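These notes concern the structure reproduced below.
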Amino acid sequence: MEILNAFVLLANFVLVPAIAYGSQLALGALGVTLIYGILRFSNFAHGDTMAFGTMVVILFTWWFQSMGLHLGPLPTALLALPFGIAACAVFVLGTDRLVYRFYRQQKTAPVIYVIASVGVMFILNGIVRFAIGTEDQQFADGARFIVKAGEFKRMTGLDEGLAIKASQALTVVTAVLVVAALFWFLNRTRTGKSMRAYSDNEDLALLSGINPDRVVAVTWILAATMATIAGTLYGLDKSFKPFTYFQLLLPIFASAIVGGLGSPLGAIAGGFVIAFSEVMVTYAYKKFLAYLVPADWWAPDSLMQLLATDYKFAVSFIILVLVLLFRPTGLFAGKSV
Amino acid sequence: MSGNQTSTRAAETPKGRGLLYFAIMAVLIVIVGQFQSWNVALSILSLCLISSIMALGVNIQWGYAGLFNVGVMGFAALGGLATVLVSMPPVPAAWAAGGPGVLASLAMGAITICGAIFIYRKMPKGRLRGFALLAVCLGGYFVTRHYFGISTDAVESVDPALTGYLGGLGLPVLLAWPVGGLFAGLAAWVVGKISLGLRSDYLAIATLGISEIIVAVMKHEDWLARGVKNVNGLPRPVPYEINLQQAEWFLELAAKLGQDPVTFSSIFVKLCYVLLFTVVLLGILWLSERALHSPWGRMMRAIRDNEVSAAAMGKNVTARHLQVFVLGSIVVGIAGAMLTTLDGQMTPASYQPLRFTFLIWVMVIVGGSGNNWGAVLGGFVIWFFWIEAEPIGLWLMETLTSAMPEDSSLRAHLVDSAAHMRLMTMGAILLLVLRFSPRGLLPER
Amino acid sequence: MSFLTAENMTGGYGSVDILFDCTIAADLGEIAVIVGPNGAGKSTAMKAVFGMLKLRSGRVMLDGEDITNLSPQDRVAKGMAFVPQTNNVFPSMSVEENLEMGAFLRRDDISVTMEQVYDLFPILRDKRRQNAGELSGGQRQQVAVGRALMTKPKLLMLDEPTAGVSPIVMDELFDRIIEVARTGITILMVEQNARQALNIADKGYVLVQGANRYTDTGEALLNNPDVRRSFLGG
């Protein structure tokens with residue numbers, strides 16, 4: 001019984017949140033890794049692209065809510081999602097046309113793209129703050145929980161409850177669907193294969209008649225889609241605040257690098273590695289240990305927390321550093337050049 | 001001989017252009033002084049000077065070696081931390097409560113890291129080494145953390161409303177400037193050691209990470225510098241207004257100049273700061289120029305322009321990059337210490353990446369990457385417009401929305417959001433300069 | 001006029017010329033080989049034929065049509081295919097996907113062509129699901145040639161196809177190239193292994209410093225004492 005309680009506790013506070021967070025990071029990292037594979041630079045504007053797409057979703061959500069449009073148990077944001085994706089895609093295609101295309105034609109060094117992406121980040125940042133402000137925004141509606149802690153306790157008779165938020169379940173289901181669709185696209189369709197070919201060997205792709213402009217455009221659309229979905233899921237699960245999305249850049253980059261830049265499979269693995277490390281390292285194990293170890297034998301006096309929650313960004317960074325030190329191409333051997 | 005003539009003319013024109021730009025900046029600051037107030041003008045000038053030094057530091061990394069540092073904020077924050085640790089008086093009660101414990105546990109942490117490195121280097125590769133490493137790291141971590149927690153709790157419970165930290169060394173605040181540089185240099189060495197030599201984006205991401213962590217530590221480690229409770233009342237390198245207003249010589253001077261002593265005292269103090277900062281700026285600028293035109297500087301630029309051939313000629317590219325990265329970060333650290341000194345207080349929450357990292361980058365790119373004078377000019381121009389864009393933007397918004405009804409919520413929103421226009425403007429300036437004038441206002445010679 | 005005629009080509013990268021009045025021609029189903037010492041401009045000549053560098057003078061005719069001003073991509077559409085010396089496969093894609101990418105511009109059924117490639121290189125059929133990056137050097141060259149054949153080209157250009165492969169694999173590759181030529185495809189090839197290459201060549205071009213030095217049938221060049229002494233090591 002005690003052991004069961006301990007594991008339910010762990011599931012409730014580590015497993016479930018980490019799976020949801022990992023899915024969100026994985027979707028974000030997929031966008032970064034796709035851009036990296038095709039356009040060959042680390043897009044510093046990605047966090048703010050997520051914020052931009054999510055902002056459009058929120059604005060549409062509010063509009064739909066004001067019209068009395070609801071999806072029942074599902075959040076209205078799902079209805080607004082296609083509009084957010086479309087707006088975000090149009091925006092990134094616009095930045096590509098106005099900013100990046102020029103450097104592509106000039107065959108500029110990657111670092112110039114990175115600096116240009118910083119400029120784009122500034123502009124996105126300004127637009128988002130201008131339109132929706134800097135404050136926290138809640139836009140989740142519909143059912144709150146799939147499994148409630150109280151019900152779980154009553155059903156199982158355990159002392160510990162397991163709660164699964166609707167947003168968490170939605171995150172995982174959506175992430176699985178999106179990732180499956182993305183892999184189907186990359187591995188089964190002509191356009192998807194041409195993207196992989198372009199990422200593998202640009203010159204040979206050109207020799208084979210693959211149209212680089214089309215590949216680049218599709219990449220941006222995919223990245224915008226992933227970014228908007230990831231941002232919306234994160235916002236539903238937690239809340240929307242522009243600065244938080246900028247800060248997500250570090251764990252997202254860390255996920256992409258851990259998995260190997262340019263490798264979609266790696267981005268997913270990396271997202272979960274970062275999410276689980278972050279949640280596990282910042283979880284206070286006091287109660288968990290109390291269940292497992294008899295009280296008269298040893299009672300932990302501290303929270304038994306490896307690292308304070310304030311330092312959760314340090315977890316991404318430390319993992320990043322370890323990967324750079326021991327395996328710079330990442331777990332799935334992405335691009336090193 | 002015509003070729004010779006064109007080259008001398010080409011050398012003169014940029015110099016003339018530079019003078020012209022700096023003259024325009026001077027005129028702008030004078031205009032602010034005349035029409036807003038001299039207090040505002042001198043504040044802007046002080047921050048222009050500090051921004052210029054930060055931009056110089058970033059220019060050393062980017063312009064000399066092509067390194068993209070996204071962690072300017074962190075290195076500036078370390079400079080700010082140095083100001084507290086050097087200049088604030090020590091808190092004896094806190095030292096008695098937990099000082100030795102903190103130091104001992106920090107030493108224990110250092111020993112753990114050294115032990116881990118030792119094991120990694122000396123033991124043969126294999127599962128055994130992995131276990132040994134894990135045991136040393138985890139064991140060291142838990143022991144360190146346990147004693148560290150006890151000691152810091154003790155320190156933080158000493159009069160938390162006023163102190164609750166160990167305090168500093170009580171040394172003159174000017175000493176904090178080189179110490180700030182030292183802190184930043186050490187951090188840069190660690191980051192550079194890890195991420196240089198790999199692909200260029202890795203340095204950018206690693207610096208982004210380290211700067212977030214540095215600021216997080218400063219926000220949450222109350223025993224160190226009071227965290228978000230801030231450290232106020234940092235000692236000054238210049239006289240206090242209140243003392244000036246009571247000094248005989250000062251009152252005479254004010255009377256002679258026909259100035260109101262209270263206003264004049266605040267202007268006098270600001271002038272002192274400006275003088276100090278100018279001395280530091282000129283010193284660093286002189287050193288940078290000397291370095292740029294020395295054989296070392298030529299080698300650095302050769303490496304930047306063609307890493308492969310420089311490596312083929314036997315230059316250790318990674319080691320040179322590390323050198324230049326540390327040097328640039330030292331300059332940023334010094335500027336960070338100066339900024340905190342000017343503010344008179346250390347507020348970790350004020351370290352925002354957009355303000356401290358990306359704004360500096362706009363300065364460097366706009367000013368002219370690779371040219372020290374360009375970086376200085378960029379610091380002046382961008383800081384000036386960053387400050388003045390707010391009143392201008394507000395005025396613009398109010399004018400634009402004046403046709404709307406007084407109680408319109410859209411109008412209120414637009415006026416409130418004028419501040420965010422600055423971000424967009426800065427982004428647009430960065431992109432436009434990068435695209436249409438990538439060599440900046442004062443191009444590299 | 002031959003099927004492929006590249007006449008009086010002069011040009012190079014940037015301002016310095018590498019080719020001087022260089023002429024290369026080949027008829028349908030012929031194997032033409034360009035040999036010569038290092039730095040003679042062999043690869044450059046082939047790249048000029050494929051439109052990868054700008055010519056200052058001269059012209060390239062394919063099947064009676066002047067293609068001098070077409071981009072490499074447009075020349076692919078006209079029936080040219082090019083196999084670079086290195087980086088000539090998509091390493092993280094399977095053999096089959098590599099072939100599919102070769103046929104990217106084709107909208108018709110590619111399965112027949114793919115079968116032909118598998119018949120030509122049976123080992124590829126066994127490894128069709130394996131990533132090209134995991135294959136041996138010789139197998140990778142087969143993938144590269146196979147990829148180029150997927151466009152159903154009339155002219156196949158190979159830049160040192162046997163660089164870095166063992167002598168046995170080299171003989172095998174040359175056999176395959178002869179087979180390809182028998183199907184009516186013209187082959188233009190740059191080779192470092194001059195003797196073996198001239199053995200299978202219908203036409204041979206010996207280039208020196210970007211200009212034609214000797215032009216004859218492969219057999220005649222092999223029997224020419226000057227060529228033997230200077231370029232074939234006796």
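Here, A, B, ... name the chains of the structure tokens in the order displayed, residue numbers run from 1 inside each chain, and ligands are numbered from 1 in the same displayed order.
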| Test item: residues at most 7 Å from Val269 of chain B, only C-alpha atoms, excluding those fewer than 2 positions along its chain, as a VMD selection string | chain B and resid 238 to 239 241 265 to 267 271 to 273
For chain A, list the residues within 9 Å of chain C, counting only C-alpha atoms, and write the list as a PDB file with C-alpha atoms, in the first residue's frame.
ATOM      1  CA  ARG A 190       7.311  13.516 -52.156  1.00  0.00           C
ATOM      2  CA  LYS A 193      11.280  13.386 -48.832  1.00  0.00           C
ATOM      3  CA  SER A 194      12.579  16.306 -50.861  1.00  0.00           C
ATOM      4  CA  ARG A 196      15.021  15.434 -46.106  1.00  0.00           C
ATOM      5  CA  ALA A 197      17.082  15.258 -49.268  1.00  0.00           C
ATOM      6  CA  TYR A 198      17.701  19.001 -49.160  1.00  0.00           C
ATOM      7  CA  SER A 199      18.731  18.765 -45.527  1.00  0.00           C
ATOM      8  CA  ASP A 200      21.047  15.822 -46.295  1.00  0.00           C
ATOM      9  CA  ASN A 201      22.826  17.214 -49.332  1.00  0.00           C
ATOM     10  CA  ASP A 203      23.882  20.488 -53.857  1.00  0.00           C
ATOM     11  CA  LEU A 204      22.717  17.065 -54.867  1.00  0.00           C
ATOM     12  CA  ALA A 205      19.105  18.053 -54.144  1.00  0.00           C
ATOM     13  CA  LEU A 206      19.496  20.955 -56.542  1.00  0.00           C
ATOM     14  CA  LEU A 207      21.009  18.595 -59.145  1.00  0.00           C
ATOM     15  CA  SER A 208      17.981  16.362 -58.756  1.00  0.00           C
ATOM     16  CA  GLY A 209      15.694  19.248 -59.611  1.00  0.00           C
ATOM     17  CA  ILE A 210      14.339  19.874 -56.112  1.00  0.00           C
TER      18      ILE A 210
END
| request: Could you list the residues in chain A lying within 9 Å of chain B, using only C-alpha atoms, and format the result as a ChimeraX atom specification? | output: /A:41-42,99,102-103,110-112,114-131,133,247,250,253-254,257,302,306,310-311,313-314,316-317,320-321,324-325,328,336-337
| query | Got a sec: who's within 10 Å of Thr183 of chain C, counting only C-alpha atoms, leaving out chain neighbours fewer than 5 positions off, as a list of chain:residue names? | reply |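 The neighbour list is C:Leu28, C:Gly29, C:Lys154, C:Ile178.
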| request: Pick out each residue of segment 12-141 of chain A that DSSP on the backbone tags as alpha helix (DSSP H); I need them as a ChimeraX atom specification. | output: /A:16-39,46-66,77-95,101-106,110-132
| request: With a distance cut-off of 6 Å and only C-alpha atoms, select the neighbouring residues of Gly218 of chain C, excluding the residue or stretch itself and same-chain residues fewer than 4 positions from it, and output the selection as a list in words. | output: Leu198, Ala201, Asp202, Lys203 and Gly204 of chain C
If you keep C-alpha atoms, can you produce a file of those selected residues as a tab-separated table (two decimals), in the first residue's frame?
chain	number	residue	atom	x	y	z
C	198	LEU	CA	40.78	4.53	-71.98
C	201	ALA	CA	36.50	4.51	-74.05
C	202	ASP	CA	35.20	5.11	-77.54
C	203	LYS	CA	36.69	8.60	-77.43
C	204	GLY	CA	39.50	9.90	-75.26
| task | Find the residues around segment 35-51 of chain C up to 7 Å (only C-alpha atoms counted), leave out those fewer than 5 positions away in its own chain, and share them as a ChimeraX atom specification. | result | /C:6,18-19,60,70-72,159,190-192,194,205-210,231
Got time to write the residues from that selection, N, CA and C atoms, as a compact mmCIF listing (two decimals), in the first residue's frame?
# COMPACT_ATOMS: atom_id res chain seq x y z
N ALA C 6 30.62 20.17 -77.13
CA ALA C 6 31.00 21.35 -76.36
C ALA C 6 32.22 21.93 -77.04
N ILE C 18 40.45 28.84 -66.64
CA ILE C 18 41.05 27.53 -66.43
C ILE C 18 41.01 26.73 -67.73
N LEU C 19 39.93 26.93 -68.50
CA LEU C 19 39.80 26.23 -69.78
C LEU C 19 40.18 27.18 -70.92
N VAL C 60 27.79 25.01 -75.87
CA VAL C 60 27.48 23.60 -75.59
C VAL C 60 26.20 23.25 -76.33
N LEU C 70 21.70 27.63 -70.29
CA LEU C 70 20.78 27.00 -69.34
C LEU C 70 21.49 26.74 -68.01
N SER C 71 20.72 26.77 -66.93
CA SER C 71 21.26 26.42 -65.61
C SER C 71 21.39 24.90 -65.52
N PRO C 72 22.21 24.40 -64.57
CA PRO C 72 22.33 22.95 -64.43
C PRO C 72 20.96 22.26 -64.27
N ASP C 159 32.02 12.16 -62.58
CA ASP C 159 33.27 12.80 -62.17
C ASP C 159 34.05 11.82 -61.31
N VAL C 190 35.22 11.68 -66.31
CA VAL C 190 36.57 12.14 -65.96
C VAL C 190 37.21 11.03 -65.16
N GLU C 191 38.44 10.64 -65.51
CA GLU C 191 39.05 9.55 -64.76
C GLU C 191 40.51 9.79 -64.42
N GLN C 192 40.84 9.40 -63.22
CA GLN C 192 42.22 9.46 -62.75
C GLN C 192 42.95 8.19 -63.21
N ALA C 194 43.73 6.48 -65.83
CA ALA C 194 43.64 6.75 -67.26
C ALA C 194 43.68 5.46 -68.10
N TYR C 205 39.95 12.08 -74.43
CA TYR C 205 40.46 13.46 -74.50
C TYR C 205 41.56 13.60 -73.47
N VAL C 206 42.76 13.94 -73.93
CA VAL C 206 43.83 14.21 -72.98
C VAL C 206 43.95 15.72 -72.85
N LEU C 207 43.65 16.22 -71.66
CA LEU C 207 43.73 17.67 -71.42
C LEU C 207 45.02 17.99 -70.68
N VAL C 208 45.64 19.10 -71.07
CA VAL C 208 46.78 19.62 -70.33
C VAL C 208 46.59 21.12 -70.18
N GLN C 209 46.64 21.60 -68.99
CA GLN C 209 46.47 23.02 -68.68
C GLN C 209 45.23 23.62 -69.36
N GLY C 210 44.17 22.88 -69.28
CA GLY C 210 42.89 23.41 -69.75
C GLY C 210 42.70 23.40 -71.25
N PHE C 231 51.60 10.23 -70.07
CA PHE C 231 50.40 10.21 -69.22
C PHE C 231 50.06 8.83 -68.66
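Every protein, DNA or RNA residue with an atom at most 8 Å from Ile319 of chain A, where only C-alpha atoms count and chain neighbours fewer than 3 positions away do not, is listed here: Ala254, Val258, Ile274, Val315, Ser316, Leu322 and Val323 of chain A.
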| said: For a test of reading the model, state the distance in Å between atom CA of His321 of chain B and atom CA of Ala187 of chain B, rounded to one decimal. | reply: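 Taking atom CA of His321 of chain B as the start and atom CA of Ala187 of chain B as the end point, the length is 14.8 Å.
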| query | Interatomic distance between atom CA of Phe22 of chain B and atom CA of Gly367 of chain B? | reply | 11.4 Å
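You will find atom CA of Gly109 of chain B at 5.9 Å from atom CA of Thr144 of chain B.
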| So which bits of segment 30-204 of chain C end up strand (DSSP E or B) when you DSSP the backbone, as an MDAnalysis selection string? | chainID C and resid 31:35 55:62 65:66 80:83 94 131 155:159 186:190 203:204
